[in-house]
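The next block is model-v1.cif, given as mmCIF, C-alpha atoms.
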data_model
#
loop_
_atom_site.label_atom_id
_atom_site.label_comp_id
_atom_site.auth_asym_id
_atom_site.auth_seq_id
_atom_site.Cartn_x
_atom_site.Cartn_y
_atom_site.Cartn_z
CA MET R 18 -98.60 -44.93 -32.94
CA ASN R 19 -98.19 -47.01 -29.85
CA LEU R 20 -95.06 -49.14 -30.04
CA PRO R 21 -94.37 -51.61 -27.34
CA ARG R 22 -92.21 -50.22 -24.51
CA SER R 23 -89.53 -52.90 -25.02
CA PHE R 24 -89.24 -51.95 -28.67
CA GLN R 25 -88.78 -48.30 -27.73
CA THR R 26 -86.05 -49.27 -25.29
CA ALA R 27 -84.32 -51.48 -27.84
CA ALA R 28 -84.51 -48.74 -30.48
CA LEU R 29 -83.05 -46.22 -28.03
CA ALA R 30 -80.26 -48.57 -27.09
CA ILE R 31 -79.47 -49.23 -30.75
CA LEU R 32 -79.45 -45.46 -31.38
CA VAL R 33 -77.11 -44.80 -28.49
CA VAL R 34 -74.79 -47.64 -29.47
CA GLY R 35 -74.89 -46.44 -33.04
CA ILE R 36 -74.03 -42.88 -32.06
CA LEU R 37 -71.22 -44.17 -29.85
CA LEU R 38 -69.86 -46.31 -32.68
CA LEU R 39 -70.07 -43.37 -35.08
CA ALA R 40 -68.35 -41.14 -32.54
CA LEU R 41 -65.62 -43.72 -31.94
CA GLY R 42 -65.21 -44.09 -35.69
CA GLY R 43 -64.74 -40.30 -35.97
CA TYR R 44 -67.77 -39.77 -38.17
CA LEU R 45 -69.36 -37.29 -35.73
CA THR R 46 -66.38 -34.96 -35.39
CA PRO R 47 -67.54 -32.30 -37.90
CA ILE R 48 -70.97 -32.31 -36.33
CA SER R 49 -69.64 -32.09 -32.78
CA ARG R 50 -67.22 -29.31 -33.85
CA VAL R 51 -70.06 -27.25 -35.22
CA ALA R 52 -72.31 -28.03 -32.28
CA LEU R 53 -69.68 -27.37 -29.57
CA SER R 54 -68.10 -24.29 -31.10
CA PRO R 55 -70.56 -21.77 -29.60
CA PHE R 56 -70.26 -23.42 -26.22
CA ILE R 57 -66.46 -23.28 -26.30
CA SER R 58 -66.47 -19.68 -27.44
CA THR R 59 -68.87 -18.76 -24.69
CA GLN R 60 -66.85 -20.66 -22.09
CA THR R 61 -63.60 -19.09 -23.27
CA TRP R 62 -65.09 -15.62 -23.02
CA LEU R 63 -66.49 -16.37 -19.59
CA ALA R 64 -63.29 -17.94 -18.32
CA SER R 65 -61.14 -15.07 -19.52
CA ARG R 66 -63.45 -12.55 -17.83
CA TYR R 67 -63.43 -14.61 -14.67
CA LEU R 68 -59.63 -14.83 -14.64
CA ALA R 69 -59.36 -11.08 -15.29
CA ILE R 70 -61.67 -10.35 -12.38
CA ARG R 71 -59.86 -12.85 -10.15
CA ASP R 72 -56.49 -11.32 -11.04
CA PHE R 73 -57.85 -7.86 -10.36
CA MET R 74 -59.14 -8.96 -6.96
CA THR R 75 -55.99 -10.82 -5.92
CA ALA R 76 -53.35 -8.55 -7.52
CA PRO R 77 -52.44 -6.50 -4.41
CA ARG R 78 -51.71 -9.67 -2.45
CA ASP R 79 -49.45 -10.91 -5.27
CA VAL R 80 -47.55 -7.62 -5.42
CA VAL R 81 -46.75 -7.91 -1.74
CA ARG R 82 -45.67 -11.51 -2.24
CA LEU R 83 -43.58 -10.58 -5.27
CA ALA R 84 -41.97 -7.76 -3.35
CA GLN R 85 -41.09 -10.23 -0.59
CA ILE R 86 -39.63 -12.67 -3.11
CA ASN R 87 -37.73 -9.80 -4.73
CA ASP R 88 -36.29 -8.78 -1.36
CA GLN R 89 -35.26 -12.35 -0.65
CA LEU R 90 -33.61 -12.65 -4.06
CA GLU R 91 -31.82 -9.33 -3.65
CA ALA R 92 -30.55 -10.45 -0.25
CA GLU R 93 -29.41 -13.70 -1.83
CA VAL R 94 -27.62 -11.83 -4.63
CA SER R 95 -25.89 -9.58 -2.08
CA ARG R 96 -24.85 -12.61 -0.04
CA LEU R 97 -23.49 -14.36 -3.11
CA GLN R 98 -21.67 -11.23 -4.25
CA SER R 99 -19.99 -10.84 -0.86
CA GLN R 100 -19.14 -14.55 -0.99
CA ILE R 101 -17.55 -14.05 -4.42
CA ILE R 102 -15.48 -11.14 -3.10
CA GLU R 103 -14.44 -13.20 -0.10
CA LEU R 104 -13.47 -16.12 -2.32
CA GLN R 105 -11.53 -13.84 -4.66
CA GLN R 106 -9.70 -12.41 -1.66
CA GLN R 107 -8.96 -15.91 -0.37
CA ASN R 108 -7.79 -16.92 -3.82
CA SER R 109 -5.42 -13.97 -4.04
CA GLU R 110 -4.15 -14.70 -0.52
CA LEU R 111 -3.69 -18.33 -1.52
CA GLN R 112 -1.65 -17.30 -4.54
CA VAL R 113 0.59 -15.13 -2.35
CA LEU R 114 1.00 -17.92 0.20
CA SER R 115 1.68 -20.43 -2.54
CA ALA R 116 4.39 -18.15 -3.98
CA LEU R 117 5.86 -17.72 -0.49
CA LEU R 118 5.83 -21.48 0.00
CA ASP R 119 7.65 -21.95 -3.30
CA PHE R 120 10.19 -19.37 -2.21
CA ALA R 121 10.66 -21.10 1.17
CA ARG R 122 11.12 -24.47 -0.57
CA THR R 123 13.73 -23.13 -2.96
CA HIS R 124 15.60 -21.46 -0.07
CA SER R 125 15.30 -24.35 2.35
CA GLU R 126 18.48 -23.36 4.22
CA ASN R 127 16.49 -20.64 6.00
CA GLU R 128 13.75 -20.86 8.62
CA TYR R 129 10.78 -18.61 8.01
CA ILE R 130 7.84 -17.11 9.85
CA THR R 131 5.04 -15.57 7.83
CA ALA R 132 3.73 -12.19 8.86
CA ALA R 133 1.00 -9.91 7.58
CA VAL R 134 1.62 -6.25 6.87
CA ILE R 135 -0.84 -4.34 9.06
CA GLY R 136 0.27 -0.76 8.70
CA ARG R 137 2.76 1.75 7.42
CA ASP R 138 4.83 4.42 9.07
CA ILE R 139 2.85 7.60 9.63
CA SER R 140 5.72 9.82 8.51
CA PRO R 141 5.81 10.26 4.72
CA PHE R 142 9.58 10.72 4.88
CA LEU R 143 10.21 7.14 5.97
CA HIS R 144 9.51 3.77 4.38
CA TYR R 145 8.63 1.40 7.16
CA VAL R 146 5.84 -1.16 7.51
CA ILE R 147 4.36 -2.72 10.62
CA ILE R 148 3.92 -6.51 10.76
CA ASN R 149 1.80 -8.62 13.09
CA ARG R 150 4.63 -10.75 14.52
CA GLY R 151 6.86 -9.78 17.41
CA SER R 152 9.27 -11.04 20.01
CA ASP R 153 6.68 -13.58 21.22
CA ASP R 154 7.03 -15.26 17.81
CA GLY R 155 10.82 -15.25 17.99
CA LEU R 156 11.48 -12.08 16.01
CA ARG R 157 14.60 -10.11 16.81
CA ARG R 158 15.93 -6.78 15.64
CA GLY R 159 17.90 -7.06 12.40
CA MET R 160 16.22 -10.16 11.01
CA PRO R 161 15.83 -9.98 7.21
CA ILE R 162 12.37 -9.84 5.66
CA VAL R 163 11.67 -11.28 2.23
CA SER R 164 8.70 -11.82 -0.05
CA SER R 165 8.26 -14.39 -2.79
CA GLN R 166 9.94 -11.94 -5.19
CA GLY R 167 12.96 -10.91 -3.15
CA LEU R 168 14.38 -8.85 -0.32
CA VAL R 169 11.92 -6.54 1.46
CA GLY R 170 13.89 -5.12 4.39
CA ARG R 171 14.81 -5.92 7.94
CA VAL R 172 13.27 -5.75 11.39
CA ALA R 173 14.04 -2.34 12.90
CA ALA R 174 12.09 -2.52 16.16
CA VAL R 175 10.18 -5.26 17.94
CA THR R 176 7.35 -5.34 20.45
CA ALA R 177 5.73 -8.43 21.98
CA ASP R 178 3.31 -9.01 19.11
CA GLY R 179 4.37 -6.60 16.39
CA ALA R 180 7.44 -5.32 14.64
CA ARG R 181 8.48 -2.35 12.56
CA VAL R 182 10.26 -3.24 9.33
CA GLN R 183 12.61 -0.89 7.54
CA LEU R 184 12.07 -1.37 3.81
CA ILE R 185 15.01 -1.34 1.41
CA THR R 186 13.47 1.79 -0.11
CA ASP R 187 13.89 3.78 3.11
CA PRO R 188 16.31 6.72 2.78
CA ASP R 189 18.34 5.39 5.71
CA THR R 190 18.94 2.01 4.03
CA ALA R 191 22.50 0.98 3.20
CA ILE R 192 22.99 -2.61 1.97
CA ASN R 193 26.12 -4.11 0.48
CA VAL R 194 25.18 -5.57 -2.89
CA ARG R 195 26.73 -7.41 -5.80
CA ILE R 196 25.73 -6.87 -9.41
CA GLN R 197 25.59 -9.98 -11.56
CA PRO R 198 27.01 -11.16 -13.92
CA THR R 199 29.94 -8.73 -13.52
CA GLY R 200 30.28 -9.33 -9.78
CA ALA R 201 30.80 -5.61 -9.18
CA GLU R 202 30.05 -4.50 -5.64
CA GLY R 203 28.28 -1.40 -4.42
CA LEU R 204 26.09 0.10 -1.75
CA LEU R 205 22.31 0.04 -2.17
CA GLN R 206 20.56 3.16 -0.91
CA GLY R 207 16.91 4.14 -0.67
CA SER R 208 15.36 7.57 -0.96
CA ILE R 209 12.36 9.56 0.24
CA THR R 210 10.60 8.84 -3.06
CA GLY R 211 11.06 5.07 -2.68
CA ASP R 212 13.53 4.80 -5.57
CA ILE R 213 16.60 2.68 -4.93
CA SER R 214 20.06 2.96 -6.43
CA VAL R 215 23.46 1.35 -6.10
CA GLU R 216 26.22 3.81 -5.27
CA ALA R 217 29.98 3.40 -5.08
CA ILE R 218 30.34 1.04 -8.04
CA SER R 219 33.86 0.93 -9.43
CA GLN R 220 34.34 2.88 -12.66
CA ASP R 221 35.97 -0.23 -14.17
CA ALA R 222 32.83 -2.35 -13.78
CA ASN R 223 30.81 -2.91 -16.95
CA ILE R 224 27.25 -2.53 -15.69
CA GLN R 225 24.40 -3.05 -18.14
CA THR R 226 20.66 -2.43 -17.91
CA GLY R 227 18.97 -5.64 -16.81
CA ASP R 228 21.84 -6.86 -14.61
CA LEU R 229 20.70 -8.48 -11.38
CA VAL R 230 21.31 -6.85 -8.00
CA LEU R 231 21.85 -9.29 -5.11
CA THR R 232 22.93 -8.91 -1.50
CA SER R 233 26.64 -9.57 -1.11
CA GLY R 234 26.50 -10.55 2.56
CA LEU R 235 29.28 -8.10 3.43
CA GLY R 236 28.73 -6.31 6.71
CA GLY R 237 26.78 -9.22 8.12
CA ASN R 238 23.40 -7.49 8.04
CA PHE R 239 21.81 -9.63 5.31
CA PRO R 240 22.37 -13.15 4.03
CA PRO R 241 24.18 -13.26 0.67
CA ASP R 242 22.53 -13.78 -2.74
CA MET R 243 19.11 -12.41 -1.91
CA LEU R 244 17.52 -10.90 -5.01
CA ILE R 245 16.83 -7.16 -4.81
CA GLY R 246 16.11 -6.07 -8.35
CA GLN R 247 17.43 -5.27 -11.79
CA VAL R 248 19.56 -2.40 -13.00
CA SER R 249 17.31 0.03 -14.87
CA GLY R 250 19.88 2.69 -15.66
CA VAL R 251 23.56 3.52 -15.23
CA ARG R 252 25.13 6.91 -14.61
CA GLN R 253 28.83 7.00 -15.40
CA ARG R 254 30.80 10.22 -15.46
CA PRO R 255 34.55 10.23 -16.02
CA VAL R 256 35.02 13.04 -13.49
CA GLU R 257 33.48 11.02 -10.66
CA LEU R 258 35.18 8.35 -8.59
CA PHE R 259 32.30 5.88 -8.84
CA GLN R 260 29.39 5.11 -11.09
CA THR R 261 25.79 4.86 -9.96
CA ALA R 262 23.08 2.44 -11.06
CA THR R 263 19.36 2.95 -10.58
CA VAL R 264 17.56 -0.25 -9.61
CA GLU R 265 14.05 -1.49 -10.29
CA SER R 266 13.04 -3.51 -7.25
CA VAL R 267 11.48 -6.92 -7.87
CA VAL R 268 9.14 -6.34 -4.92
CA ASP R 269 6.05 -4.20 -5.40
CA PHE R 270 6.08 -2.38 -2.08
CA SER R 271 2.67 -0.79 -2.61
CA GLN R 272 1.08 -4.27 -2.77
CA LEU R 273 2.97 -5.80 0.15
CA GLU R 274 0.54 -7.94 2.17
CA ILE R 275 2.34 -11.02 3.48
CA VAL R 276 6.06 -11.36 4.09
CA LEU R 277 8.50 -13.96 5.39
CA VAL R 278 10.84 -13.28 8.30
CA ILE R 279 14.11 -15.25 8.19
CA VAL R 280 14.38 -16.20 11.83
CA ASN R 281 17.57 -18.26 11.76
CA PHE R 282 19.70 -15.36 10.54
CA ARG R 283 21.48 -13.35 13.18
CA PRO R 284 22.99 -10.08 11.96
CA VAL R 285 26.62 -9.55 12.91
CA ASN R 286 27.47 -6.37 14.74
CA ILE R 287 30.82 -5.33 13.30
CA ALA R 288 30.85 -1.95 15.01
CA PRO R 289 33.39 -3.05 17.67
CA LEU R 290 35.73 -4.23 14.90
CA ILE R 291 35.82 -0.84 13.18
CA PRO R 292 38.84 1.07 14.45
CA THR R 293 38.12 4.43 15.99
CA PRO R 294 40.61 7.30 16.20
CA GLY R 295 42.74 7.07 19.31
CA THR R 296 42.55 3.29 19.70
CA PRO R 297 45.66 1.22 18.93
CA MET I 23 -13.98 13.66 30.40
CA ALA I 24 -12.43 15.31 27.32
CA ILE I 25 -8.97 14.07 28.32
CA PHE I 26 -10.16 10.49 28.79
CA LEU I 27 -11.94 10.67 25.45
CA ALA I 28 -8.75 11.85 23.78
CA ILE I 29 -6.99 8.51 24.26
CA PRO I 30 -9.45 6.26 22.39
CA ILE I 31 -10.17 8.86 19.70
CA LEU I 32 -6.54 9.63 18.98
CA ALA I 33 -5.51 5.95 19.25
CA LEU I 34 -8.17 5.06 16.70
CA MET I 35 -6.99 7.88 14.44
CA VAL I 36 -3.37 6.66 14.69
CA ILE I 37 -4.50 3.16 13.68
CA VAL I 38 -6.60 4.48 10.78
CA GLN I 39 -3.74 6.73 9.70
CA SER I 40 -1.24 3.86 9.74
CA ALA I 41 -3.51 1.28 8.12
CA VAL I 42 -5.34 3.39 5.55
CA PHE I 43 -4.36 7.03 5.08
CA SER I 44 -0.60 6.36 4.93
CA GLN I 45 -1.26 4.48 1.70
CA VAL I 46 -3.20 7.32 0.06
CA HIS I 47 -0.64 9.46 -1.72
CA LEU I 48 -0.55 12.71 -3.60
CA LEU I 49 2.92 12.54 -5.16
CA HIS I 50 4.67 11.33 -2.00
CA GLY I 51 2.65 13.31 0.52
CA THR I 52 -0.04 11.86 2.76
CA VAL I 53 -2.88 13.17 4.91
CA ASP I 54 -2.07 13.49 8.61
CA LEU I 55 -5.33 12.71 10.35
CA VAL I 56 -3.94 12.97 13.87
CA LEU I 57 -2.52 16.40 13.13
CA LEU I 58 -5.89 17.55 11.80
CA ILE I 59 -7.68 16.29 14.91
CA VAL I 60 -5.25 18.06 17.23
CA VAL I 61 -5.49 21.32 15.28
CA ALA I 62 -9.29 21.13 15.00
CA TRP I 63 -9.58 20.52 18.75
CA ALA I 64 -7.21 23.38 19.62
CA VAL I 65 -9.09 25.97 17.51
CA GLN I 66 -12.44 25.22 19.18
CA VAL I 67 -13.49 28.22 21.26
CA ARG I 68 -14.58 26.65 24.58
CA VAL I 69 -12.08 23.76 24.62
CA THR I 70 -9.70 23.87 27.57
CA THR I 71 -7.88 20.58 27.07
CA ALA I 72 -6.04 21.31 23.81
CA TRP I 73 -2.58 20.92 25.38
CA HIS I 74 -3.52 17.51 26.78
CA TRP I 75 -4.74 16.36 23.37
CA GLY I 76 -1.51 17.59 21.80
CA ILE I 77 0.67 15.66 24.24
CA ILE I 78 -1.44 12.48 23.97
CA ALA I 79 -1.34 12.72 20.15
CA GLY I 80 2.43 13.10 20.26
CA LEU I 81 2.83 10.10 22.54
CA LEU I 82 0.55 7.86 20.47
CA THR I 83 2.07 8.95 17.15
CA SER I 84 5.57 8.27 18.41
CA LEU I 85 4.54 4.62 18.85
CA ALA I 86 3.66 4.27 15.17
CA THR I 87 6.56 6.05 13.53
CA ALA I 88 10.30 5.65 13.32
CA VAL I 89 10.78 9.41 13.69
CA PRO I 90 12.33 9.91 17.16
CA ALA I 91 9.75 10.47 19.90
CA LEU I 92 11.88 13.34 21.20
CA ALA I 93 10.98 15.21 18.02
CA ILE I 94 7.38 14.11 17.56
CA ILE I 95 6.04 15.01 21.02
CA PRO I 96 7.44 18.58 21.07
CA ALA I 97 6.20 18.97 17.47
CA TYR I 98 2.62 18.22 18.49
CA VAL I 99 2.89 20.51 21.51
CA LEU I 100 4.15 23.29 19.25
CA ILE I 101 1.33 22.64 16.79
CA THR I 102 -1.18 22.94 19.60
CA GLY I 103 0.37 26.21 20.74
CA VAL I 104 0.27 27.65 17.23
CA ALA I 105 -3.38 26.56 16.77
CA ILE I 106 -4.38 28.18 20.08
CA TYR I 107 -2.53 31.35 19.11
CA LEU I 108 -4.28 31.45 15.73
CA ARG I 109 -7.65 30.86 17.43
CA ARG I 110 -7.05 34.01 19.47
CA ILE I 111 -6.08 36.01 16.39
CA PHE I 112 -9.00 34.77 14.25
CA TRP I 113 -11.45 34.50 17.14
CA GLN I 114 -14.34 35.62 14.94
CA ARG I 115 -13.38 33.26 12.09
CA PRO I 116 -12.61 29.84 13.59
CA LEU I 117 -12.65 28.12 10.19
CA LEU I 118 -9.99 30.53 8.96
CA ALA I 119 -7.99 29.70 12.08
CA MET I 120 -8.36 26.00 11.26
CA ILE I 121 -7.15 26.41 7.68
CA THR I 122 -4.22 28.63 8.62
CA ALA I 123 -3.27 26.36 11.51
CA THR I 124 -3.38 23.31 9.22
CA VAL I 125 -0.85 24.84 6.85
CA PHE I 126 1.43 25.94 9.70
CA ALA I 127 1.06 22.62 11.51
CA THR I 128 2.05 20.65 8.40
CA LEU I 129 5.10 22.84 7.91
CA ILE I 130 6.05 22.55 11.60
CA ILE I 131 5.75 18.77 11.86
CA HIS I 132 7.60 18.22 8.58
CA THR I 133 10.38 20.64 9.52
CA ILE I 134 10.87 19.03 12.91
CA SER I 135 10.70 15.49 11.46
CA VAL I 136 13.26 16.29 8.76
CA ALA I 137 15.52 18.00 11.29
CA ALA I 138 15.36 14.99 13.61
CA LEU I 139 16.06 12.56 10.76
CA LEU I 140 18.99 14.63 9.51
CA ILE I 141 20.44 14.72 13.02
CA ASN I 142 20.03 10.93 13.16
CA GLY I 143 22.01 10.61 9.93
CA THR I 144 19.20 9.89 7.48
CA PRO I 145 19.95 11.64 4.19
CA ILE I 146 16.92 13.78 3.27
CA PRO I 147 17.21 16.07 0.24
CA LEU I 148 15.46 19.19 1.52
CA ILE I 149 14.18 20.74 -1.71
CA GLU I 150 12.91 17.40 -3.03
CA ALA I 151 11.24 16.70 0.33
CA PHE I 152 9.53 20.10 0.29
CA TYR I 153 8.14 19.78 -3.24
CA LEU I 154 7.31 16.07 -3.25
CA ILE I 155 6.13 15.57 0.33
CA THR I 156 5.42 18.76 2.27
CA ILE I 157 3.39 20.69 -0.32
CA PRO I 158 1.25 17.67 -1.36
CA SER I 159 0.71 16.79 2.31
CA ALA I 160 -0.38 20.35 3.07
CA LEU I 161 -2.84 20.24 0.16
CA LEU I 162 -4.31 16.93 1.31
CA ASN I 163 -4.55 18.21 4.88
CA LEU I 164 -6.36 21.33 3.63
CA LEU I 165 -8.82 19.16 1.73
CA LEU I 166 -9.76 17.31 4.91
CA ALA I 167 -9.47 20.28 7.24
CA VAL I 168 -13.08 21.47 6.86
CA PRO I 169 -14.83 18.09 7.40
CA VAL I 170 -12.55 17.28 10.35
CA TYR I 171 -13.24 20.74 11.80
CA ALA I 172 -17.00 20.13 11.51
CA LEU I 173 -16.82 16.71 13.21
CA ILE I 174 -14.55 17.88 16.00
CA GLY I 175 -16.75 20.97 16.40
CA ASP I 176 -19.73 18.71 17.11
CA LEU I 177 -17.68 16.75 19.63
CA ALA I 178 -16.52 19.97 21.32
CA ASN I 179 -20.09 21.30 21.50
CA TRP I 180 -21.18 18.05 23.11
CA LEU I 181 -18.37 18.08 25.68
CA TYR I 182 -18.35 21.84 26.25
CA PRO I 183 -21.94 23.01 25.77
CA GLU I 184 -22.54 26.73 25.47
CA ALA I 185 -23.77 28.34 28.70
CA ILE I 186 -27.37 29.58 28.42
CA GLU I 187 -28.37 32.69 30.31
CA ILE I 188 -31.74 32.36 32.05
#
Exercise: express the given structure as structure tokens:
Amino acid sequence: MNLPRSFQTAALAILVVGILLLALGGYLTPISRVALSPFISTQTWLASRYLAIRDFMTAPRDVVRLAQINDQLEAEVSRLQSQIIELQQQNSELQVLSALLDFARTHSENEYITAAVIGRDISPFLHYVIINRGSDDGLRRGMPIVSSQGLVGRVAAVTADGARVQLITDPDTAINVRIQPTGAEGLLQGSITGDISVEAISQDANIQTGDLVLTSGLGGNFPPDMLIGQVSGVRQRPVELFQTATVESVVDFSQLEIVLVIVNFRPVNIAPLIPTPGTP
Amino acid sequence: MAIFLAIPILALMVIVQSAVFSQVHLLHGTVDLVLLIVVAWAVQVRVTTAWHWGIIAGLLTSLATAVPALAIIPAYVLITGVAIYLRRIFWQRPLLAMITATVFATLIIHTISVAALLINGTPIPLIEAFYLITIPSALLNLLLAVPVYALIGDLANWLYPEAIEI
């Protein structure tokens, strides 16, 4: 059967257009699914084998790369951790400085210099700290040292850029104090263990646990009304001349990092005023 | 050489002692690193500069403590003398000399310090000081005595090498 060539072409075109229209209309989907399924299965199998082989061939290079990335990430984690520690340290320092600033604002009659505690006395019998400010910064022997909580001690020795501070817990400490609200006076003394107590309190004074201990200013070694601590116990015996009160200091001396030096206070030396035997 | 080396080593130890070890307590006692260094140096067999180290340690320590220098320097010299004496007694057992010298040295420096403070008018209750400070300090010093002895031994062997017979 010899059909004209133009008829064959027209029939082919109509067939193609028809198939296209059927495909666009979605009528060929079941047929194409059935027809393509083996191809897709074959291609999937082939592709998965190819990827497995490719992974096998390139795996060592990836391990090296992953190890490098891991190292970088570990270094980054370490850096961030050290940054966190640094920030926490700065934050804690900021809190201390903020508390000191509050203290300085509330006691604006005094002039202060901040100093960092850089060491402690080597002898375990004494309670001294070393600070990083000295005579070059205007420090003089006898100047009182405070923290945001209360009285810390006084400057015992000064070099050009450092000073040794005798804490109020030192066994050689003797500070005239007043106990509030009774107003009873006594003598604060330290000890080798770091405990502090008020001695020579009159037997008539009614001292209670929780009473505040403040400097009285007598003797001229410390400014008056500086907070030292609270009475934590009272020992009163009728056979003794005086009663004794143990004191809980408001300052945590084991955590002392930054202190304030009161630079406008000059201690008064009353030694020449004390009469000695043989002088009129 | 050993004398010149004493100054930076002992100065560093005084700084470390003041900044770190003075805050590490057992009851109220602390380790005395400078004392351990002086004792460990003095008990080394070939060392000939023990007295110098003792004096330098005393001078440097007196800068970092409120205990009178007139007490501290003789205390370190005495410690050195005792350590050298013990080295001669226990010449075959240097580690035993180190341990014995550490105990004696702690007792000596604490006795002299307390005596000096009492003379200066600082009230120190003796029994309390012995139980709460001296005994714990001696224990801490004994704990560190062996590692310090080993380190100082290496330094001594480097500075005073053993003579080899050819």
Each residue of chain I lying at most 8 Å from chain R should get a row with its shortest atom-to-atom pair and the distance in Å to one decimal, counting only C-alpha atoms; could you produce that, ordered by chain and increasing number, as a Markdown table?
| residue | atom | partner | partner_atom | distance |
| --- | --- | --- | --- | --- |
| I:Ile37 | CA | R:Gly136 | CA | 7.9 |
| I:Gln39 | CA | R:Ile139 | CA | 6.6 |
| I:Ser40 | CA | R:Gly136 | CA | 5.0 |
| I:Ala41 | CA | R:Gly136 | CA | 4.3 |
| I:Val42 | CA | R:Gly136 | CA | 7.7 |
| I:Ser44 | CA | R:Ile139 | CA | 6.0 |
| I:Gln45 | CA | R:Arg137 | CA | 7.5 |
| I:His50 | CA | R:Thr210 | CA | 6.5 |
| I:Gly51 | CA | R:Pro141 | CA | 6.1 |
| I:Thr52 | CA | R:Pro141 | CA | 6.4 |
| I:Asp54 | CA | R:Ile139 | CA | 7.7 |
| I:Thr83 | CA | R:Ile139 | CA | 7.7 |
| I:Ala86 | CA | R:Asp138 | CA | 6.2 |
| I:Thr87 | CA | R:Asp138 | CA | 5.1 |
| I:Ala88 | CA | R:Asp138 | CA | 7.0 |
| I:Val89 | CA | R:Ser140 | CA | 7.3 |
| I:Val136 | CA | R:Phe142 | CA | 7.7 |
| I:Gly143 | CA | R:Asp189 | CA | 7.7 |
| I:Thr144 | CA | R:Asp189 | CA | 4.9 |
| I:Pro145 | CA | R:Pro188 | CA | 6.3 |
| I:Ile146 | CA | R:Ile209 | CA | 6.9 |
| I:Ala151 | CA | R:Ile209 | CA | 7.2 |
| I:Leu154 | CA | R:Thr210 | CA | 7.9 |
| I:Ile155 | CA | R:Pro141 | CA | 6.9 |
(message) Between atom CA of Gly179 of chain R and atom CA of Ala33 of chain I, what distance in Å does the model show, to one decimal?
(response)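 Atom CA of Gly179 of chain R sits 16.2 Å away from atom CA of Ala33 of chain I.
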(message) Which residues, named as in the file, does the PyMOL selection byres ((chain I and resi 31) around 12) pick out? Answer as a list in words.
(response)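 Checking the PyMOL selection byres ((chain I and resi 31) around 12) against this file, the residues are Ala24, Ile25, Phe26, Leu27, Ala28, Ile29, Pro30, Leu32, Ala33, Leu34, Met35, Val36, Ile37, Val38, Leu55, Val56, Ile59, Val60, Trp63, Trp75, Ile78, Ala79, Leu82, Ile174 and Leu177 of chain I.
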(message) the PyMOL selection byres ((chain I and resi 127) around 9) - which residues does that actually catch in the file I just gave you? List them as a PyMOL selection string.
(response) chain I and resi 57-58+61+97-98+100-102+104-105+122-126+128-132+160
Test item: axis-aligned box, all listed atoms of segment 33-41 of chain I, 8 Å on each side, centre and edges in Å rounded to one decimal, as JSON:
{"center_x": -4.7, "center_y": 4.6, "center_z": 13.7, "size_x": 22.9, "size_y": 22.6, "size_z": 27.1}
(message) For this structure, which residues satisfy the selection - the PyMOL selection byres ((chain R and resi 234) around 12) - when it is evaluated on the file as given? I want them as number ranges by chain.
(response) R: 161, 192-195, 202-204, 231-233, 235-244, 282, 284-285
(message) For a test of reading the model, state the distance in Å between atom CA of Ile185 of chain R and atom CA of Glu274 of chain R, rounded to one decimal.
(response) 15.9 Å
(request) Would you work out the distance separating atom CA of Asn223 of chain R from atom CA of Pro198 of chain R, expressed in Å to one decimal? (result)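 These two atoms are separated by 9.6 Å.
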(request) Check the smallest atom-to-atom distance from each of I:Pro158, I:Gly175, I:Pro90, I:Pro183 to Met120 of chain I using only C-alpha atoms, then report the winner. (result)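 Between I:Pro158, I:Gly175, I:Pro90, I:Pro183, the residue approaching Met120 of chain I most closely is I:Gly175.
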(message) When you look at Leu81 of chain I with a cut-off of 9 Å (counting all atoms listed in the file), what residues show up, excluding the ones that are within fewer than 6 positions of it in the same chain? I need them as a PyMOL selection string.
(response) chain I and resi 91+94-95
(message) Under the rule that only C-alpha atoms are counted, which of R:Leu277, R:Ala191, R:Val81, R:Ile31 is the nearest residue to Ala133 of chain R?
(response)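 Looking only at the distances to Ala133 of chain R, the closest residue turns out to be R:Leu277.
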(request) Please identify all polymer residues within 9 Å of Leu118 of chain I, counting only C-alpha atoms, omitting same-chain residues fewer than 6 positions from it, and present them as a list in words. (result)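 Residues near the query, excluding close chain neighbours: Leu108, Arg109 and Phe112 of chain I.
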